[in-house]
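Colleague: Pasting final04.tsv here (TSV, C-alpha atoms):
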chain	number	residue	atom	x	y	z
A	1	MET	CA	34.02	227.73	298.48
A	2	LYS	CA	33.27	230.87	300.46
A	3	TYR	CA	33.91	233.96	298.33
A	4	ARG	CA	34.91	237.38	299.58
A	5	ILE	CA	35.29	239.31	296.35
A	6	ILE	CA	33.23	239.39	293.16
A	7	THR	CA	34.81	240.84	290.02
A	8	ILE	CA	32.55	241.76	287.11
A	9	GLU	CA	33.90	242.36	283.62
A	10	ARG	CA	31.31	243.43	281.08
A	11	GLU	CA	30.66	244.37	277.50
A	12	TYR	CA	29.84	248.04	277.16
A	13	ALA	CA	26.14	248.77	277.87
A	14	SER	CA	25.41	245.13	278.83
A	15	GLY	CA	24.20	246.25	282.27
A	16	GLY	CA	27.29	245.00	284.12
A	17	SER	CA	27.61	248.12	286.28
A	18	GLU	CA	23.93	248.00	287.27
A	19	ILE	CA	24.25	244.28	288.04
A	20	GLY	CA	27.35	244.96	290.17
A	21	ALA	CA	25.62	247.73	292.12
A	22	ARG	CA	22.54	245.60	292.76
A	23	VAL	CA	24.61	242.57	293.80
A	24	GLY	CA	26.45	244.83	296.26
A	25	LEU	CA	23.15	246.08	297.73
A	26	GLU	CA	21.70	242.58	297.92
A	27	LEU	CA	24.78	241.14	299.67
A	28	ASP	CA	25.34	244.28	301.73
A	29	VAL	CA	28.94	244.76	300.54
A	30	PRO	CA	30.38	247.83	298.79
A	31	CYS	CA	30.49	247.87	294.99
A	32	TYR	CA	33.42	249.73	293.44
A	33	GLY	CA	33.31	250.97	289.87
A	34	LYS	CA	34.13	254.62	289.28
A	35	GLU	CA	35.33	254.72	292.92
A	36	VAL	CA	38.52	253.00	291.68
A	37	LEU	CA	39.19	255.98	289.43
A	38	GLU	CA	38.29	258.45	292.18
A	39	ARG	CA	40.74	256.90	294.65
A	40	ALA	CA	43.44	256.67	291.97
A	41	ALA	CA	42.93	260.38	291.22
A	42	GLU	CA	43.37	261.21	294.92
A	43	ARG	CA	46.64	259.28	295.02
A	44	MET	CA	47.80	261.03	291.86
A	45	GLN	CA	46.81	264.38	293.41
A	46	THR	CA	44.41	265.26	290.64
A	47	VAL	CA	40.67	265.04	289.89
A	48	PRO	CA	38.90	262.11	288.16
A	49	GLU	CA	37.77	264.38	285.32
A	50	ARG	CA	41.41	264.81	284.26
A	51	LEU	CA	41.98	261.04	284.10
A	52	ILE	CA	38.74	259.58	282.77
A	53	HIS	CA	39.81	259.72	279.11
A	54	LEU	CA	42.86	257.58	280.02
A	55	GLU	CA	40.81	254.65	281.34
A	56	GLU	CA	40.54	251.67	279.01
A	57	SER	CA	43.06	253.31	276.77
A	58	THR	CA	46.34	251.94	275.42
A	59	SER	CA	49.15	253.44	273.39
A	60	ASN	CA	49.01	252.71	269.68
A	61	SER	CA	52.74	252.22	269.26
A	62	LEU	CA	53.49	248.52	269.54
A	63	LEU	CA	57.21	248.85	270.29
A	64	PHE	CA	56.58	251.49	272.88
A	65	SER	CA	53.80	249.39	274.34
A	66	LEU	CA	56.00	246.33	274.73
A	67	GLY	CA	58.52	248.27	276.79
A	68	MET	CA	55.74	249.76	278.86
A	69	ALA	CA	54.05	246.43	279.51
A	70	ASN	CA	57.22	245.22	281.25
A	71	ARG	CA	57.35	248.25	283.48
A	72	VAL	CA	53.63	247.93	284.28
A	73	ALA	CA	54.15	244.25	285.17
A	74	LEU	CA	56.88	245.30	287.59
A	75	GLY	CA	54.61	247.98	289.08
A	76	GLU	CA	57.08	250.73	288.12
A	77	ARG	CA	55.61	254.17	287.53
A	78	ASP	CA	58.70	255.93	286.17
A	79	GLY	CA	58.82	256.37	282.42
A	80	LEU	CA	55.23	255.21	281.91
A	81	THR	CA	52.70	256.86	279.66
A	82	GLU	CA	49.85	258.56	281.52
A	83	GLU	CA	47.62	255.54	280.72
A	84	GLY	CA	50.22	253.15	282.08
A	85	GLU	CA	50.66	255.16	285.25
A	86	LEU	CA	46.90	255.23	285.81
A	87	TYR	CA	46.78	251.45	285.35
A	88	VAL	CA	49.51	250.89	287.95
A	89	VAL	CA	47.82	253.18	290.48
A	90	GLU	CA	44.38	251.60	289.87
A	91	GLU	CA	46.00	248.18	290.34
A	92	GLN	CA	47.21	249.23	293.81
A	93	VAL	CA	43.82	250.75	294.65
A	94	ILE	CA	42.08	247.47	293.69
A	95	GLN	CA	44.50	245.37	295.74
A	96	ASP	CA	43.89	247.63	298.76
A	97	MET	CA	40.10	247.43	298.30
A	98	ALA	CA	40.30	243.63	298.22
A	99	LEU	CA	42.27	243.64	301.49
A	100	GLN	CA	39.66	245.78	303.24
A	101	GLY	CA	36.92	243.13	303.08
A	102	PRO	CA	34.20	241.58	300.91
A	103	CYS	CA	33.24	243.74	297.91
A	104	VAL	CA	32.20	243.81	294.26
A	105	ILE	CA	34.62	245.40	291.77
A	106	VAL	CA	33.39	246.28	288.28
A	107	GLY	CA	35.81	246.43	285.34
A	108	ARG	CA	39.39	247.71	285.31
A	109	CYS	CA	40.95	244.21	284.95
A	110	ALA	CA	40.18	243.43	288.62
A	111	ASP	CA	39.75	239.74	287.72
A	112	TYR	CA	43.33	239.66	286.45
A	113	ILE	CA	44.76	241.88	289.20
A	114	LEU	CA	43.26	239.62	291.88
A	115	ARG	CA	43.91	236.37	289.97
A	116	ASP	CA	45.98	234.84	292.78
A	117	LYS	CA	43.23	235.32	295.36
A	118	ALA	CA	41.40	232.01	295.75
A	119	ASP	CA	38.32	233.69	297.23
A	120	CYS	CA	37.36	235.65	294.09
A	121	LEU	CA	34.25	234.86	292.04
A	122	THR	CA	34.99	236.16	288.52
A	123	VAL	CA	32.04	237.10	286.31
A	124	PHE	CA	31.65	238.30	282.72
A	125	ILE	CA	28.42	239.93	281.47
A	126	HIS	CA	27.59	240.22	277.79
A	127	ALA	CA	24.57	240.84	275.57
A	128	ASP	CA	23.84	241.09	271.88
A	129	MET	CA	24.13	244.30	269.86
A	130	LYS	CA	20.35	245.00	269.82
A	131	PHE	CA	19.98	244.89	273.62
A	132	ARG	CA	23.06	247.05	274.14
A	133	ALA	CA	22.14	249.55	271.40
A	134	GLU	CA	18.75	250.19	273.02
A	135	ARG	CA	20.42	250.52	276.41
A	136	ILE	CA	23.15	252.89	275.26
A	137	VAL	CA	20.55	255.29	273.83
A	138	ARG	CA	18.33	255.06	276.92
A	139	GLU	CA	21.22	255.58	279.37
A	140	TYR	CA	23.52	257.95	277.51
A	141	GLY	CA	21.26	259.57	274.89
A	142	GLU	CA	21.63	259.88	271.12
A	143	ARG	CA	24.95	260.94	269.55
A	144	GLU	CA	26.10	261.73	266.05
A	145	GLN	CA	27.63	258.23	265.77
A	146	SER	CA	25.05	255.41	265.55
A	147	PRO	CA	24.66	253.26	268.70
A	148	GLU	CA	26.09	250.24	266.85
A	149	GLU	CA	29.21	252.16	265.82
A	150	ARG	CA	29.68	253.47	269.36
A	151	LEU	CA	29.42	249.90	270.68
A	152	ARG	CA	31.86	248.53	268.13
A	153	ASP	CA	34.37	251.26	269.03
A	154	LYS	CA	33.98	250.61	272.75
A	155	ASP	CA	34.20	246.82	272.31
A	156	LYS	CA	37.41	247.21	270.33
A	157	ARG	CA	38.98	249.51	272.92
A	158	ARG	CA	38.00	247.32	275.85
A	159	ALA	CA	39.32	244.15	274.19
A	160	ALA	CA	42.61	245.89	273.32
A	161	TYR	CA	42.95	247.25	276.85
A	162	HIS	CA	42.48	243.79	278.32
A	163	ARG	CA	44.82	242.08	275.90
A	164	PHE	CA	47.49	244.70	276.59
A	165	TYR	CA	47.44	244.48	280.37
A	166	THR	CA	46.36	240.89	280.99
A	167	ASP	CA	47.23	238.86	277.90
A	168	MET	CA	43.81	237.20	278.33
A	169	LYS	CA	41.35	236.72	275.50
A	170	TRP	CA	38.44	239.09	276.05
A	171	GLY	CA	35.10	237.31	276.35
A	172	TYR	CA	36.61	233.84	276.50
A	173	ALA	CA	34.52	231.67	278.89
A	174	GLN	CA	37.59	229.90	280.31
A	175	ASN	CA	38.77	233.17	281.88
A	176	TYR	CA	35.73	233.39	284.16
A	177	HIS	CA	33.95	231.24	286.74
A	178	LEU	CA	30.60	232.46	285.43
A	179	THR	CA	29.45	234.30	282.30
A	180	LEU	CA	25.88	235.52	281.75
A	181	ASP	CA	23.94	236.88	278.78
A	182	SER	CA	22.09	239.79	280.39
A	183	GLY	CA	20.09	240.42	277.20
A	184	VAL	CA	18.48	236.98	277.20
A	185	LEU	CA	18.42	236.25	280.94
A	186	GLY	CA	17.56	239.78	282.07
A	187	ILE	CA	19.26	241.91	284.72
A	188	ASP	CA	17.21	240.46	287.62
A	189	ARG	CA	18.19	236.85	286.92
A	190	CYS	CA	21.85	237.83	286.54
A	191	VAL	CA	21.77	239.50	289.99
A	192	GLU	CA	20.04	236.44	291.53
A	193	THR	CA	22.49	233.99	289.95
A	194	ILE	CA	25.60	235.83	291.16
A	195	CYS	CA	24.19	236.28	294.67
A	196	ALA	CA	23.20	232.59	294.88
A	197	LEU	CA	26.73	231.48	293.92
A	198	TYR	CA	28.34	233.93	296.35
A	199	ARG	CA	26.35	232.77	299.35
B	1	MET	CA	11.46	233.66	279.79
B	2	LYS	CA	10.12	230.13	280.23
B	3	TYR	CA	12.60	227.60	278.82
B	4	ARG	CA	11.73	224.20	277.40
B	5	ILE	CA	15.14	222.97	276.28
B	6	ILE	CA	18.58	223.14	277.90
B	7	THR	CA	21.62	222.52	275.71
B	8	ILE	CA	24.95	221.80	277.38
B	9	GLU	CA	28.23	222.04	275.53
B	10	ARG	CA	31.28	221.07	277.54
B	11	GLU	CA	35.02	220.69	277.56
B	12	TYR	CA	36.06	217.05	277.68
B	13	ALA	CA	36.03	215.65	281.26
B	14	SER	CA	34.65	218.89	282.72
B	15	GLY	CA	31.65	217.00	284.14
B	16	GLY	CA	29.17	218.37	281.57
B	17	SER	CA	27.50	215.00	280.99
B	18	GLU	CA	27.07	214.38	284.71
B	19	ILE	CA	25.70	217.90	285.15
B	20	GLY	CA	23.25	217.33	282.28
B	21	ALA	CA	22.03	214.04	283.72
B	22	ARG	CA	21.55	215.53	287.19
B	23	VAL	CA	19.75	218.61	285.83
B	24	GLY	CA	17.41	216.25	283.95
B	25	LEU	CA	16.69	214.26	287.13
B	26	GLU	CA	16.18	217.42	289.18
B	27	LEU	CA	13.77	218.96	286.66
B	28	ASP	CA	12.15	215.64	285.80
B	29	VAL	CA	12.84	215.94	282.06
B	30	PRO	CA	14.81	213.51	279.88
B	31	CYS	CA	18.52	214.14	279.29
B	32	TYR	CA	19.86	213.06	275.91
B	33	GLY	CA	23.56	212.48	275.35
B	34	LYS	CA	24.59	209.18	273.86
B	35	GLU	CA	20.87	208.60	273.11
B	36	VAL	CA	21.32	210.99	270.15
B	37	LEU	CA	23.90	208.60	268.68
B	38	GLU	CA	21.72	205.57	269.46
B	39	ARG	CA	18.70	207.01	267.65
B	40	ALA	CA	20.86	208.12	264.73
B	41	ALA	CA	22.25	204.58	264.47
B	42	GLU	CA	18.70	203.17	264.36
B	43	ARG	CA	17.80	205.53	261.52
B	44	MET	CA	20.99	204.58	259.68
B	45	GLN	CA	20.16	200.89	260.25
B	46	THR	CA	23.34	200.16	262.09
B	47	VAL	CA	24.62	199.93	265.69
B	48	PRO	CA	26.13	202.83	267.72
B	49	GLU	CA	29.43	200.96	268.06
B	50	ARG	CA	29.97	201.29	264.31
B	51	LEU	CA	29.45	205.07	264.40
B	52	ILE	CA	31.01	206.22	267.65
B	53	HIS	CA	34.45	206.92	266.12
B	54	LEU	CA	32.76	209.29	263.64
B	55	GLU	CA	31.32	211.58	266.33
B	56	GLU	CA	33.19	214.86	266.82
B	57	SER	CA	35.25	214.05	263.80
B	58	THR	CA	35.87	216.13	260.66
B	59	SER	CA	37.68	215.47	257.41
B	60	ASN	CA	41.21	216.80	257.24
B	61	SER	CA	40.99	217.97	253.65
B	62	LEU	CA	40.04	221.63	253.63
B	63	LEU	CA	38.83	221.78	250.04
B	64	PHE	CA	36.78	218.66	250.45
B	65	SER	CA	35.43	219.99	253.73
B	66	LEU	CA	34.27	223.25	252.19
B	67	GLY	CA	32.17	221.39	249.62
B	68	MET	CA	30.77	219.14	252.30
B	69	ALA	CA	29.87	221.98	254.63
B	70	ASN	CA	27.51	223.34	251.98
B	71	ARG	CA	25.77	220.04	251.57
B	72	VAL	CA	25.50	219.62	255.35
B	73	ALA	CA	23.99	223.10	255.62
B	74	LEU	CA	21.34	222.10	253.08
B	75	GLY	CA	20.63	218.88	255.01
B	76	GLU	CA	21.64	216.75	251.97
B	77	ARG	CA	22.97	213.28	252.72
B	78	ASP	CA	24.11	212.30	249.22
B	79	GLY	CA	27.82	212.55	248.57
B	80	LEU	CA	28.67	213.21	252.21
B	81	THR	CA	31.51	211.61	254.12
B	82	GLU	CA	30.39	209.19	256.84
B	83	GLU	CA	31.05	211.91	259.45
B	84	GLY	CA	28.94	214.38	257.50
B	85	GLU	CA	26.09	211.92	257.11
B	86	LEU	CA	26.11	211.17	260.84
B	87	TYR	CA	26.01	214.91	261.57
B	88	VAL	CA	22.96	215.41	259.32
B	89	VAL	CA	21.09	212.45	260.88
B	90	GLU	CA	21.96	213.57	264.43
B	91	GLU	CA	20.73	217.06	263.52
B	92	GLN	CA	17.33	215.61	262.59
B	93	VAL	CA	17.26	213.46	265.73
B	94	ILE	CA	17.95	216.54	267.90
B	95	GLN	CA	15.25	218.59	266.15
B	96	ASP	CA	12.75	215.77	266.74
B	97	MET	CA	13.76	215.45	270.41
B	98	ALA	CA	13.21	219.18	270.87
B	99	LEU	CA	9.72	218.90	269.36
B	100	GLN	CA	8.74	216.12	271.75
B	101	GLY	CA	8.90	218.29	274.87
B	102	PRO	CA	11.20	219.76	277.53
B	103	CYS	CA	14.60	218.06	277.72
B	104	VAL	CA	18.35	218.48	278.27
B	105	ILE	CA	20.64	217.76	275.31
B	106	VAL	CA	24.38	217.33	275.91
B	107	GLY	CA	26.90	218.07	273.16
B	108	ARG	CA	26.58	217.38	269.42
B	109	CYS	CA	26.16	221.09	268.49
B	110	ALA	CA	22.58	221.08	269.83
B	111	ASP	CA	22.95	224.76	270.79
B	112	TYR	CA	23.62	225.62	267.14
B	113	ILE	CA	21.07	223.18	265.70
B	114	LEU	CA	18.32	224.68	267.90
B	115	ARG	CA	19.57	228.28	267.60
B	116	ASP	CA	16.29	229.58	266.21
B	117	LYS	CA	14.25	228.22	269.12
B	118	ALA	CA	13.65	231.08	271.54
B	119	ASP	CA	12.94	228.72	274.43
B	120	CYS	CA	16.45	227.24	274.64
B	121	LEU	CA	18.81	227.89	277.55
B	122	THR	CA	22.33	227.37	276.16
B	123	VAL	CA	25.08	226.40	278.61
B	124	PHE	CA	28.84	225.80	278.33
B	125	ILE	CA	30.79	223.93	281.03
B	126	HIS	CA	34.58	224.19	281.34
B	127	ALA	CA	37.30	223.53	283.88
B	128	ASP	CA	41.05	223.81	284.10
B	129	MET	CA	43.48	221.11	283.02
B	130	LYS	CA	44.20	219.86	286.55
B	131	PHE	CA	40.53	219.23	287.41
B	132	ARG	CA	39.88	217.52	284.10
B	133	ALA	CA	43.07	215.44	284.20
B	134	GLU	CA	42.11	214.00	287.60
B	135	ARG	CA	38.61	213.33	286.35
B	136	ILE	CA	39.68	211.65	283.12
B	137	VAL	CA	41.84	209.17	285.04
B	138	ARG	CA	39.12	208.51	287.63
B	139	GLU	CA	36.38	208.02	285.03
B	140	TYR	CA	38.22	206.41	282.13
B	141	GLY	CA	41.36	204.95	283.71
B	142	GLU	CA	45.04	205.37	282.83
B	143	ARG	CA	46.22	205.14	279.21
B	144	GLU	CA	49.57	205.18	277.52
B	145	GLN	CA	49.10	208.86	276.62
B	146	SER	CA	49.26	211.25	279.61
B	147	PRO	CA	45.91	212.70	280.76
B	148	GLU	CA	47.03	216.19	279.67
B	149	GLU	CA	47.87	215.00	276.16
B	150	ARG	CA	44.55	213.15	275.91
B	151	LEU	CA	42.73	216.34	276.95
B	152	ARG	CA	44.64	218.51	274.49
B	153	ASP	CA	43.80	216.08	271.66
B	154	LYS	CA	40.13	215.99	272.63
B	155	ASP	CA	39.94	219.78	273.03
B	156	LYS	CA	41.44	220.27	269.59
B	157	ARG	CA	39.03	217.79	267.97
B	158	ARG	CA	35.99	219.25	269.67
B	159	ALA	CA	36.91	222.83	268.75
B	160	ALA	CA	37.55	221.81	265.12
B	161	TYR	CA	34.24	219.91	264.99
B	162	HIS	CA	32.33	222.94	266.23
B	163	ARG	CA	34.07	225.38	263.96
B	164	PHE	CA	33.41	223.13	260.99
B	165	TYR	CA	29.68	222.67	261.51
B	166	THR	CA	28.68	225.87	263.28
B	167	ASP	CA	31.24	228.53	262.42
B	168	MET	CA	31.09	229.53	266.09
B	169	LYS	CA	34.17	230.12	268.22
B	170	TRP	CA	34.44	227.27	270.72
B	171	GLY	CA	34.40	228.43	274.32
B	172	TYR	CA	33.48	232.02	273.50
B	173	ALA	CA	31.12	233.37	276.20
B	174	GLN	CA	29.00	235.30	273.69
B	175	ASN	CA	27.78	232.02	272.17
B	176	TYR	CA	26.05	230.96	275.39
B	177	HIS	CA	23.48	232.29	277.84
B	178	LEU	CA	25.46	230.83	280.72
B	179	THR	CA	28.98	229.43	281.13
B	180	LEU	CA	30.24	227.80	284.32
B	181	ASP	CA	33.64	226.69	285.61
B	182	SER	CA	32.81	223.29	287.10
B	183	GLY	CA	36.32	222.94	288.54
B	184	VAL	CA	36.03	226.04	290.71
B	185	LEU	CA	32.28	226.08	291.38
B	186	GLY	CA	31.86	222.31	291.73
B	187	ILE	CA	29.33	220.05	290.02
B	188	ASP	CA	26.59	220.62	292.65
B	189	ARG	CA	26.57	224.42	292.24
B	190	CYS	CA	26.53	224.08	288.45
B	191	VAL	CA	23.43	221.83	288.67
B	192	GLU	CA	21.71	224.26	291.08
B	193	THR	CA	22.52	227.31	288.92
B	194	ILE	CA	21.16	225.78	285.73
B	195	CYS	CA	18.00	224.51	287.46
B	196	ALA	CA	17.38	227.90	289.09
B	197	LEU	CA	17.63	229.69	285.72
B	198	TYR	CA	15.38	227.13	284.02
B	199	ARG	CA	12.57	227.40	286.55
Any chance you could give the structure as structure tokens?
Modeller:
Amino acid sequence: MKYRIITIEREYASGGSEIGARVGLELDVPCYGKEVLERAAERMQTVPERLIHLEESTSNSLLFSLGMANRVALGERDGLTEEGELYVVEEQVIQDMALQGPCVIVGRCADYILRDKADCLTVFIHADMKFRAERIVREYGEREQSPEERLRDKDKRRAAYHRFYTDMKWGYAQNYHLTLDSGVLGIDRCVETICALYR
Amino acid sequence: MKYRIITIEREYASGGSEIGARVGLELDVPCYGKEVLERAAERMQTVPERLIHLEESTSNSLLFSLGMANRVALGERDGLTEEGELYVVEEQVIQDMALQGPCVIVGRCADYILRDKADCLTVFIHADMKFRAERIVREYGEREQSPEERLRDKDKRRAAYHRFYTDMKWGYAQNYHLTLDSGVLGIDRCVETICALYR
């Protein structure tokens, strides 16, 4: 099959964003990560800095969430929480990006949002705690919380976010065409493997 | 990293065995699938036909199983069920195969059995129901049970077998270095991807 779009979901600090950016460079197609948030902010007439804390976030109230999930599924913005509204706008941004031509999209449930497009290659990147803990410190510096705790928090949030909006099991191989362990294989081999399958 | 061994776990009828055999041919290393059962039968002084129904099988009694799991973990054969004994013998066969040199091993929890070997590339192959249903009829013919029911039965057995002996979640990306959707990517691309990562 000839692919047009590559979606990359990734465990926090597994190198998924770097892999996406390098795949984009290698294939000479744009890679969208934080650009999704930036375009959503434009459409919501605000700045990304005011929205960033809402990404990968879900309401804690189950009953409230159930009602919201229906409205999100229908693409309705009225009566949504701020998180829900951001999700709906990002969904539209991602659909528009996919229409504009070949690209790589990192995170933000793009695999699910574009699930009915036959020309998507869906990828999941993961790595063990040790690899990601070293990476999180190198990339984002030390914090009061230990790297392992920060990763566990992030993992939990990301899995909950995905379950809420997509009803897919996070990290389950069957959801993806390709999954790669960036810790064992290394970033370079991950980039090569994705590019080889795309071509 | 330079790999010596490739282990391939696979959903039933996803083409994992064919992929394993072709990877072996391509890399000029032996591929062991049913050969594991054949060698185990030799060591147990019987014929494979008498053991085949015990493969990927686990006792239904939970309490009994818990006791057995401990003995299996210690590699003890005394007091085991027939299934448990076969698992322990196959485990030894797989460890010996891995010592003999580079090879591909398909199924039989080889990924778990060789988990402490740093030079293993662990692969999981899956595909959707439609792809596998067509394949099961083409390869094994029609049966009274529908192809979908046969697949669901097999999936359930294989997942239970893995959980019992390895305590790993079946089909979970984090358990593998590489997972591939053979239905979407096709058998040829799966073979190429594995060979490229091995080299």
Colleague: When distances are computed from all atoms listed in the file, which of A:Ile194, A:Met129, A:Ala41, A:Cys31 shows the smallest separation from Met97 in chain A?
Modeller: A:Cys31
Colleague: If you measure from CA of Arg150 in chain A to CA of Ala21 in chain A, what distance in Å do you get, rounded to one decimal?
Modeller: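 Distance between the two atoms: 23.8 Å.
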Colleague: Set the distance at 10 Å and use only C-alpha atoms: which residues neighbour Cys190 in chain A once local chain neighbours fewer than 3 positions away are removed? I'd like the list as a PyMOL selection string.
Modeller: (chain A and resi 15-16+19-20+22-23+125+179-187+193-196) or (chain B and resi 178+197)
Colleague: Got a sec to check which residues sit within 7 Å of (23.9, 249.1, 275.7), counting all atoms listed in the file, and write them as a ChimeraX atom specification?
Modeller: /A:12-14,131-136
Colleague: Which is closer to Met44 in chain B than all the others in B:Ile94, B:Ile113, B:Val106, B:Val89, using only C-alpha atoms?
Modeller: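 Residue with the minimum atom-to-atom distance to Met44 in chain B: B:Val89.
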Colleague: Between CA of Leu86 in chain A and CA of Glu9 in chain A, what distance in Å does the model show, to one decimal?
Modeller: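 Separation of CA of Leu86 in chain A and CA of Glu9 in chain A: 18.4 Å.
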Colleague: Could you tell me how far CA of Arg10 in chain A sits from CA of His126 in chain A, in Å to one decimal place?
Modeller: 5.9 Å
Colleague: When you count all atoms listed in the file, which of these residues is closest to Leu114 in chain A: A:Thr81, A:Ser17, A:Ser146, A:Thr166?
Modeller: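 Closest to Leu114 in chain A of all the choices is A:Thr166.
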